Amino acid sequence: MSTRPGPRTGRRIPLVPTLVVTLAVAAMIALGLWQLLDRLPKKEAFLAQLAGNPALAPVPFPVTPDESLLFRRSAVTCAAPVTIRLAGAGAAGFRAIATCAGGAPLVQLGTTRDPKAQVTWGGGPATGYIGHAPDGRALLATLFDHSPPRPMLIATPPAAGLSPNAPPDVGSIPNNHLAYAGQWFFFAAIAAIIYALAVRRRT
């Protein structure tokens, strides 16, 4: 008496890899929700505060970085000797940035479209608003160092012979948290789909 082989049964879903992928997907979803529900509202509240800063009373120029003072009106007295360099300013051409005696503070005197402009300024009092100095850190360094850039006085009015600096612009402050949330959700979906396809081919 012969017996026919029974129907083939598929392999079981691997427990450990499935657990690892599930935890990874859950972590990516959690990171997306953190960006969406925590980081984004806080950033929007911070930007709303910055939008109102130009209308507030002047404050002493900060010695150390303080992002809450960005765009606040301030004043400095720049001691001689003063060194001036040009830095790229996009459509505005180049920014003339003065370094006062002792290395601080920095003052953005104005802009010019002449890359070879010889800007002279002997120092003294300057008024304007608090902005960011150019960040000379390498891109890789900023991934591990999240400290804010050095503060710089954006002079108003500009030094003689220079064009006016741009007014405070909240749009210059990046707000990428919604995009970050989307990226985490996308990574979670891709990981789940790839693993599901891999398991389907295996079983």
# chains A, B, ... in the order shown; residues from 1 in each chain; ligands from 1

$ residues_around --residues "region 151-158 of chain A" --least-positions-apart "3" --cutoff "6 Å" --atoms "only C-alpha atoms" --output "list in words"
Pro65, Leu106, Val107, Gln108, Leu109, Gly110, Thr127, Gly128, Tyr129, Ile130, Gly131, His132, Ala133 and Pro164 of chain A

$ select_by_dssp --residues "chain A" --states "alpha helix (DSSP H)" --output "VMD selection string"
chain A and resid 15 to 34 40 to 52 139 to 144 177 to 202

$ closest_residue --among "A:Gln35, A:Thr112, A:Thr18, A:Thr83" --to "Trp184 (chain A)" --atoms "only C-alpha atoms"
A:Gln35

$ select_by_dssp --residues "region 17-117 of chain A" --states "strand (DSSP E)" --output "list of chain:residue names"
A:Arg73, A:Ser74, A:Ala75, A:Val76, A:Thr77, A:Cys78, A:Thr83, A:Ile84, A:Arg85, A:Leu86, A:Ala87, A:Gly88, A:Phe94, A:Arg95, A:Ala96, A:Ile97, A:Ala98, A:Thr99, A:Leu106, A:Val107, A:Gln108, A:Leu109, A:Gly110, A:Thr111, A:Thr112

$ residues_around --residues "Ala126 (chain A)" --least-positions-apart "5" --cutoff "7 Å" --atoms "only C-alpha atoms" --output "PyMOL selection string"
chain A and resi 75-77+155

$ residues_around --residues "Cys100 (chain A)" --least-positions-apart "6" --cutoff "7 Å" --atoms "only C-alpha atoms" --output "mmCIF file with N, CA, C and O atoms, in the first residue's frame"
data_model
loop_
_atom_site.group_PDB
_atom_site.id
_atom_site.type_symbol
_atom_site.label_atom_id
_atom_site.label_comp_id
_atom_site.auth_asym_id
_atom_site.auth_seq_id
_atom_site.Cartn_x
_atom_site.Cartn_y
_atom_site.Cartn_z
ATOM 1 N N CYS A 78 33.347 98.672 18.873
ATOM 2 C CA CYS A 78 34.414 97.863 18.277
ATOM 3 C C CYS A 78 35.747 98.568 18.471
ATOM 4 O O CYS A 78 35.966 99.672 17.955
ATOM 5 N N ALA A 79 36.628 97.934 19.232
ATOM 6 C CA ALA A 79 37.927 98.528 19.521
ATOM 7 C C ALA A 79 38.915 98.251 18.396
ATOM 8 O O ALA A 79 38.921 97.164 17.811
ATOM 9 N N ALA A 80 39.728 99.252 18.095
ATOM 10 C CA ALA A 80 40.784 99.084 17.101
ATOM 11 C C ALA A 80 41.956 98.319 17.732
ATOM 12 O O ALA A 80 42.111 98.322 18.958
ATOM 13 N N PRO A 81 42.776 97.645 16.932
ATOM 14 C CA PRO A 81 42.711 97.582 15.460
ATOM 15 C C PRO A 81 41.621 96.623 14.972
ATOM 16 O O PRO A 81 41.261 95.676 15.672
ATOM 17 N N VAL A 82 41.117 96.920 13.783
ATOM 18 C CA VAL A 82 40.026 96.155 13.197
ATOM 19 C C VAL A 82 40.507 95.484 11.922
ATOM 20 O O VAL A 82 41.135 96.131 11.081
ATOM 21 N N THR A 83 40.222 94.194 11.790
ATOM 22 C CA THR A 83 40.510 93.493 10.534
ATOM 23 C C THR A 83 39.185 93.203 9.842
ATOM 24 O O THR A 83 38.191 92.866 10.498
ATOM 25 N N LEU A 106 32.136 90.369 16.418
ATOM 26 C CA LEU A 106 32.157 90.492 14.970
ATOM 27 C C LEU A 106 31.046 91.450 14.549
ATOM 28 O O LEU A 106 29.971 91.450 15.126
#

$ residues_around --residues "Ala26 (chain A)" --least-positions-apart "3" --cutoff "12 Å" --atoms "only C-alpha atoms" --output "PyMOL selection string"
chain A and resi 19-23+29-33+184-185+187-189+191-192

$ residues_around --residues "Thr111 (chain A)" --least-positions-apart "3" --cutoff "8 Å" --atoms "only C-alpha atoms" --output "JSON, numbers by chain"
{"A": [89, 92, 93, 94, 95, 96, 162, 163, 164, 165]}

$ write_last_selection --atoms "N, CA, C and O atoms" --output "short mmCIF file (atom, residue, chain, number, x, y, z; two decimals), in the first residue's frame"
data_model
loop_
_atom_site.label_atom_id
_atom_site.label_comp_id
_atom_site.auth_asym_id
_atom_site.auth_seq_id
_atom_site.Cartn_x
_atom_site.Cartn_y
_atom_site.Cartn_z
N ALA A 89 27.72 86.30 0.23
CA ALA A 89 26.40 86.67 0.73
C ALA A 89 25.33 86.38 -0.30
O ALA A 89 24.30 87.04 -0.34
N ALA A 92 23.38 89.05 -2.67
CA ALA A 92 23.86 90.37 -2.24
C ALA A 92 25.32 90.58 -2.56
O ALA A 92 25.83 91.69 -2.43
N GLY A 93 26.02 89.54 -2.97
CA GLY A 93 27.44 89.67 -3.30
C GLY A 93 28.32 89.18 -2.17
O GLY A 93 28.45 87.97 -1.94
N PHE A 94 28.90 90.12 -1.43
CA PHE A 94 29.83 89.77 -0.36
C PHE A 94 29.54 90.62 0.88
O PHE A 94 29.17 91.78 0.79
N ARG A 95 29.70 89.98 2.03
CA ARG A 95 29.54 90.68 3.30
C ARG A 95 30.89 91.14 3.80
O ARG A 95 31.86 90.37 3.77
N ALA A 96 30.97 92.37 4.26
CA ALA A 96 32.19 92.88 4.88
C ALA A 96 32.07 92.66 6.39
O ALA A 96 31.22 93.28 7.04
N LEU A 162 29.27 100.98 1.64
CA LEU A 162 28.71 99.64 1.55
C LEU A 162 27.19 99.71 1.41
O LEU A 162 26.55 100.67 1.85
N SER A 163 26.61 98.68 0.79
CA SER A 163 25.16 98.58 0.68
C SER A 163 24.57 98.08 1.99
O SER A 163 25.26 97.40 2.77
N PRO A 164 23.29 98.39 2.25
CA PRO A 164 22.68 97.96 3.52
C PRO A 164 22.63 96.45 3.66
O PRO A 164 22.49 95.71 2.68
N ASN A 165 22.75 95.98 4.88
CA ASN A 165 22.55 94.57 5.18
C ASN A 165 21.07 94.22 5.05
O ASN A 165 20.19 95.08 5.16
#

$ closest_residue --among "A:Pro14, A:Gly182, A:Gly171, A:Pro60" --to "Pro105 (chain A)" --atoms "only C-alpha atoms"
A:Pro60

$ atom_distance --atom1 "CA of Leu56 (chain A)" --atom2 "CA of Asn175 (chain A)"
23.1 Å

$ atom_distance --atom1 "CA of Arg113 (chain A)" --atom2 "CA of Asp135 (chain A)"
21.1 Å

$ atom_distance --atom1 "CA of Ala117 (chain A)" --atom2 "CA of Gly90 (chain A)"
16.2 Å

$ closest_residue --among "A:Leu50, A:Ala181, A:Val16, A:Ile194" --to "Met28 (chain A)" --atoms "only C-alpha atoms"
A:Ala181
